[in-house]
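J.: Sharing a structure with you now.
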Amino acid sequence: MATSTAPSTQRQGGPKAGLESSHELLTCTIKSPPFSYAHLELVTDGPDAIELDNLQVKSYCTAALRQFLGITGAAISMDILKAEGSECWVRVPRQDLGSFAAAITAWKGTNEGGTQCLLRIKQCSDWLGMMVGTDGQDRLWNS
């Protein structure tokens, strides 16, 4: 005769009678993230490629914001996440993304040594993960 030491939690009924229902440990819904992200590219009309650095990105973005919104625009917080080659990624407060994008789009750029330089917005998103892995998508339709 075999004895069982398992708890007797089985109920009379169907095949799932002995199984416990799952329990939700944690639910997290992010409705409005605190920051938004922009992927920018430096466009020039000269033959030489210009490498961006953090100081240039800050200078260009501040000039664009100051031109578009004055001192209020220059006060918009901006974090430079990465500057590589002619591209950069910046983080701005979510509520300021529209103003930031409008300022960069309306900015006339600078003229340095006969070469016109301006920033172009490639992507904007509230989620950085949405922008990752999209490098080269524009070449798909331009080839």
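By convention in this document, the chains of the structure tokens carry letters A, B, ... by their order, each chain's residues are numbered from 1, and ligands are numbered from 1 in the order they are shown.
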Report as a VMD selection string all protein, DNA and RNA residues lying within 12 Å of Ile121 in chain A, evaluated on only C-alpha atoms, omitting residues in the same chain fewer than 5 positions from it.

T.: chain A and resid 37 to 43 61 87 to 90 97 to 98 100 to 107

J.: Just to confirm, what's the straight-line distance from CA of Pro34 in chain A to CA of Met130 in chain A in Å (one decimal)?

T.: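 Computing the Euclidean distance for CA of Pro34 in chain A and CA of Met130 in chain A yields 15.7 Å.
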
J.: Check the smallest atom-to-atom distance from each of A:Ser32, A:Gln56, A:Thr110, A:Ser125 to Arg91 in chain A using only C-alpha atoms, then report the winner.

T.: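 Closest to Arg91 in chain A, using only C-alpha atoms: A:Ser125.
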
J.: For CA of Leu55 in chain A and CA of Met78 in chain A, determine how far apart the two atoms are, in Å to one decimal place.

T.: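 Taking CA of Leu55 in chain A as the start and CA of Met78 in chain A as the end point, the length is 12.3 Å.
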
J.: Considering only helix (DSSP H, G or I) as DSSP defines it on the backbone, what residues of range 29-71 of chain A qualify? List them as a list in words.

T.: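 Restricting range 29-71 of chain A to helix (DSSP H, G or I) produces Asn54, Leu55, Gln56, Val57, Lys58, Ser59, Tyr60, Cys61, Thr62, Ala63, Ala64, Leu65, Arg66, Gln67, Phe68, Leu69 and Ile71 of chain A.
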
J.: From a backbone DSSP assignment, name each residue in range 5-139 of chain A labelled strand (DSSP E or B), as a tab-separated table (two decimals) with C-alpha atoms, in the first residue's frame.

T.:
```
chain	number	residue	atom	x	y	z
A	35	PHE	CA	12.06	61.96	-21.68
A	36	SER	CA	11.95	61.83	-25.47
A	37	TYR	CA	14.78	61.13	-27.86
A	38	ALA	CA	15.93	62.59	-31.17
A	39	HIS	CA	18.37	61.20	-33.71
A	40	LEU	CA	20.06	64.07	-35.57
A	41	GLU	CA	22.39	64.18	-38.55
A	42	LEU	CA	24.79	66.94	-39.58
A	43	VAL	CA	24.32	67.89	-43.23
A	44	THR	CA	26.97	69.96	-45.04
A	79	ASP	CA	21.41	65.55	-22.76
A	80	ILE	CA	23.72	64.39	-25.52
A	81	LEU	CA	23.71	60.62	-25.42
A	82	LYS	CA	26.13	59.94	-28.26
A	83	ALA	CA	27.89	61.81	-31.05
A	84	GLU	CA	29.49	59.61	-33.68
A	87	GLU	CA	25.12	61.66	-36.32
A	88	CYS	CA	24.09	62.24	-32.73
A	89	TRP	CA	21.40	61.18	-30.29
A	90	VAL	CA	19.96	63.59	-27.74
A	91	ARG	CA	17.45	63.35	-24.91
A	92	VAL	CA	15.04	66.15	-24.05
A	93	PRO	CA	12.10	66.37	-21.64
A	110	THR	CA	25.91	77.96	-39.71
A	111	ASN	CA	28.41	78.94	-42.35
A	112	GLU	CA	31.89	77.88	-41.30
A	115	THR	CA	30.68	75.39	-45.74
A	116	GLN	CA	27.03	75.45	-44.73
A	117	CYS	CA	26.27	73.12	-41.78
A	118	LEU	CA	22.86	72.29	-40.40
A	119	LEU	CA	21.21	69.58	-38.34
A	120	ARG	CA	18.51	67.35	-39.78
A	121	ILE	CA	16.15	65.28	-37.65
A	122	LYS	CA	16.21	61.65	-38.70
A	123	GLN	CA	13.91	60.31	-35.98
A	124	CYS	CA	12.09	61.35	-32.82
A	125	SER	CA	10.41	59.10	-30.30
```
